[in-house]
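A.B. asks: Take this structure, written in structure tokens, and hold onto it; I'll ask about it next.
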Amino acid sequence: MRIATYNVNGVNGRLPVLLRWLEETKPDVVCLQELKAPQDNFPLKAINEAGYNAIWHGQKQWNGVAILAKGEIREIGRALPGNEEDQQSRYIEALLENDMVIACLYLPNGNPAPGPKFDYKLEWFERLYQRAGNLLAFKVPVLLVGDFNVIPTELDVYKPERWVEDALFRPEVRRAFEKLIHQGWTDALRKLYPNETIYTFWDYFRNAYERNAGLRIDHFLLSPELEHKLVSAGVDKEVRGWEKSSDHAPVWIELK
DNA sequence: ATGCCGTGGAAACCACGA
């Protein structure tokens, strides 16, 4: 089965691109981030007509996550536990019909750093670590998927020296990602391509896409139960070059 | 070195993103 993640940067503004990409690549399950749509303005009809069921957690103006599936999908939760005051819709968790658990997440950007937004990012990351540990303890197949807003290593950014102070690459954030991996997760794309330059995001300006000045910040983390089912993975890079594209490209994995 | 672009919501600019 093919599972994909795509930060759409506005699900309604991106609808033609999203539908074309779904039609061309036919993923079985899709995690979307940055819907930028309130709960009652999600394009469910168009998604259904494209052949997908959907659950989503919207928010007026910003954030918002969704999971689409050709098969049945049952929502488990739509908030990351541990902070009742967190109102931002950045997390949704579901059970797929093959009993796999999938968490679709949009980790906070965190800039400017240091500052309250960076503190929120680290706090959110710690709660994700706790939740991820609880999911691992169930000993079932689990996927943590989405826009982590983390550049894991120097290999994942075109000019690392320019990013050392940035909230996507600061040591605290890289350590948090490393700590999560060491909890027992596998970074799917790095497992298959340990030494390749792979990007999933290119800025809208400075001709970043044409210069291939990108970042790898959209990730698939596999629980141990899934590690040996990983067949292939990649980035639908050409989608980033389409008219009215998001600044992210879709990323996908294939599981047997 | 830098939101230079893009989105959505409100208002004809703003916040936010990475």
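Identifiers for the structure tokens are assigned positionally: chains receive A, B, ... in sequence, residues are indexed from 1 per chain, and ligands are indexed from 1 in the order shown.
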Restrict the distance test to only C-alpha atoms (C1' of nucleotides), flag each residue of chain B within 8 Å of chain A, and return the flagged residues as a ChimeraX atom specification.
C.D. replies: /B:4-9,16-18
A.B. asks: DSSP says helix (DSSP H, G or I) for which residues of region 77-197 of chain A? Put them as a ChimeraX atom specification?
C.D. replies: /A:116-137,154-156,160-162,171-182,188-192
A.B. asks: Could you take the residues named above and write them with C-alpha atoms, as a tab-separated table (two decimals), in the first residue's frame?
C.D. replies:
chain	number	residue	atom	x	y	z
A	116	PRO	CA	7.67	31.77	22.99
A	117	LYS	CA	7.07	30.13	19.61
A	118	PHE	CA	10.27	28.15	19.97
A	119	ASP	CA	9.30	27.15	23.51
A	120	TYR	CA	5.93	25.97	22.15
A	121	LYS	CA	7.71	23.89	19.53
A	122	LEU	CA	9.87	22.14	22.12
A	123	GLU	CA	6.89	21.62	24.44
A	124	TRP	CA	4.86	20.16	21.55
A	125	PHE	CA	7.80	17.94	20.59
A	126	GLU	CA	8.03	16.58	24.15
A	127	ARG	CA	4.33	15.74	24.14
A	128	LEU	CA	4.78	14.01	20.78
A	129	TYR	CA	7.60	11.97	22.34
A	130	GLN	CA	5.31	10.89	25.18
A	131	ARG	CA	2.48	9.97	22.84
A	132	ALA	CA	4.86	8.14	20.48
A	133	GLY	CA	6.16	6.09	23.41
A	134	ASN	CA	2.63	5.12	24.38
A	135	LEU	CA	1.86	4.10	20.80
A	136	LEU	CA	5.02	1.94	20.66
A	137	ALA	CA	3.95	0.17	23.84
A	154	GLU	CA	23.28	18.61	7.45
A	155	LEU	CA	22.45	16.30	4.57
A	156	ASP	CA	18.88	17.57	4.66
A	160	PRO	CA	23.52	24.03	6.60
A	161	GLU	CA	25.67	26.94	7.79
A	162	ARG	CA	22.83	29.35	7.03
A	171	PRO	CA	20.61	21.77	18.12
A	172	GLU	CA	17.70	21.44	20.60
A	173	VAL	CA	15.34	20.53	17.75
A	174	ARG	CA	17.73	18.09	16.09
A	175	ARG	CA	18.31	16.47	19.48
A	176	ALA	CA	14.58	16.15	20.03
A	177	PHE	CA	14.20	14.44	16.66
A	178	GLU	CA	17.14	12.14	17.42
A	179	LYS	CA	15.63	11.30	20.81
A	180	LEU	CA	12.37	10.39	19.12
A	181	ILE	CA	14.17	8.15	16.61
A	182	HIS	CA	16.08	6.43	19.41
A	188	ALA	CA	11.80	5.65	6.20
A	189	LEU	CA	13.47	7.77	3.52
A	190	ARG	CA	16.84	7.77	5.28
A	191	LYS	CA	16.69	4.00	5.76
A	192	LEU	CA	16.32	3.49	2.01
A.B. asks: Just how far from CA of Thr25 (chain A) is CA of Asn212 (chain A), in Å to one decimal?
C.D. replies: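 Separating CA of Asn212 (chain A) from CA of Thr25 (chain A) is a distance of 22.8 Å.
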A.B. asks: From region 42-208 of chain A, collect each residue whose DSSP state is strand (DSSP E or B) and return the set as a ChimeraX atom specification.
C.D. replies: /A:53-57,65-69,73-77,91-96,101-106,142-147,157,186-187,201-202
A.B. asks: Report the distance between CA of Arg170 (chain A) and CA of Arg216 (chain A) in Å, rounded to one decimal place.
C.D. replies: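 Going from CA of Arg170 (chain A) over to CA of Arg216 (chain A) covers 14.6 Å.
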A.B. asks: Hey, what's within 9 Å of region 84-101 of chain A if we count only C-alpha atoms (C1' of nucleotides) and toss same-chain stuff fewer than 3 positions away? As number ranges by chain, please?
C.D. replies: A: 29, 33-34, 55-59, 62-67, 69, 71-81, 104-108, 135, 140-144
A.B. asks: Write a file of the selected residues as a short mmCIF file (atom, residue, chain, number, x, y, z; two decimals), in the first residue's frame, keeping C-alpha atoms.
C.D. replies:
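Done, and the output landed in part-v9.cif:
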data_model
loop_
_atom_site.label_atom_id
_atom_site.label_comp_id
_atom_site.auth_asym_id
_atom_site.auth_seq_id
_atom_site.Cartn_x
_atom_site.Cartn_y
_atom_site.Cartn_z
CA VAL A 29 -3.74 6.84 2.44
CA GLN A 33 -1.15 19.47 6.70
CA GLU A 34 -1.79 23.20 6.68
CA ILE A 55 -11.24 12.77 8.73
CA TRP A 56 -9.90 16.21 9.50
CA HIS A 57 -9.24 18.70 12.23
CA GLY A 58 -9.66 22.19 10.89
CA GLN A 59 -8.91 25.62 12.28
CA TRP A 62 -4.09 28.45 10.13
CA ASN A 63 -2.86 24.91 10.72
CA GLY A 64 -5.31 22.04 10.15
CA VAL A 65 -4.60 18.35 9.43
CA ALA A 66 -6.48 15.60 7.62
CA ILE A 67 -6.18 11.92 6.77
CA ALA A 69 -8.08 6.85 2.88
CA GLY A 71 -10.62 2.27 2.74
CA GLU A 72 -12.26 2.73 6.09
CA ILE A 73 -10.74 5.09 8.57
CA ARG A 74 -11.66 5.53 12.22
CA GLU A 75 -10.54 8.54 14.19
CA ILE A 76 -8.81 7.80 17.51
CA GLY A 77 -7.93 11.32 18.60
CA ARG A 78 -7.55 14.86 17.37
CA ALA A 79 -5.38 16.42 20.02
CA LEU A 80 -1.89 15.65 21.21
CA PRO A 81 -2.32 14.74 24.91
CA CYS A 104 -0.80 12.88 10.96
CA LEU A 105 1.09 15.79 12.46
CA TYR A 106 2.11 19.36 11.77
CA LEU A 107 4.83 20.22 14.26
CA PRO A 108 5.16 23.94 15.07
CA LEU A 135 1.86 4.10 20.80
CA VAL A 140 1.05 -2.63 16.78
CA PRO A 141 2.08 -1.14 13.41
CA VAL A 142 2.23 2.65 13.78
CA LEU A 143 3.19 5.47 11.43
CA LEU A 144 4.07 9.01 12.51
#
A.B. asks: Rank A:Trp252, A:Tyr158, A:Trp242, A:Trp163 by their smallest atom-to-atom distance to Val17 (chain A), using only C-alpha atoms, and report the top residue only.
C.D. replies: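 So, comparing all the options, the nearest one is A:Trp242.
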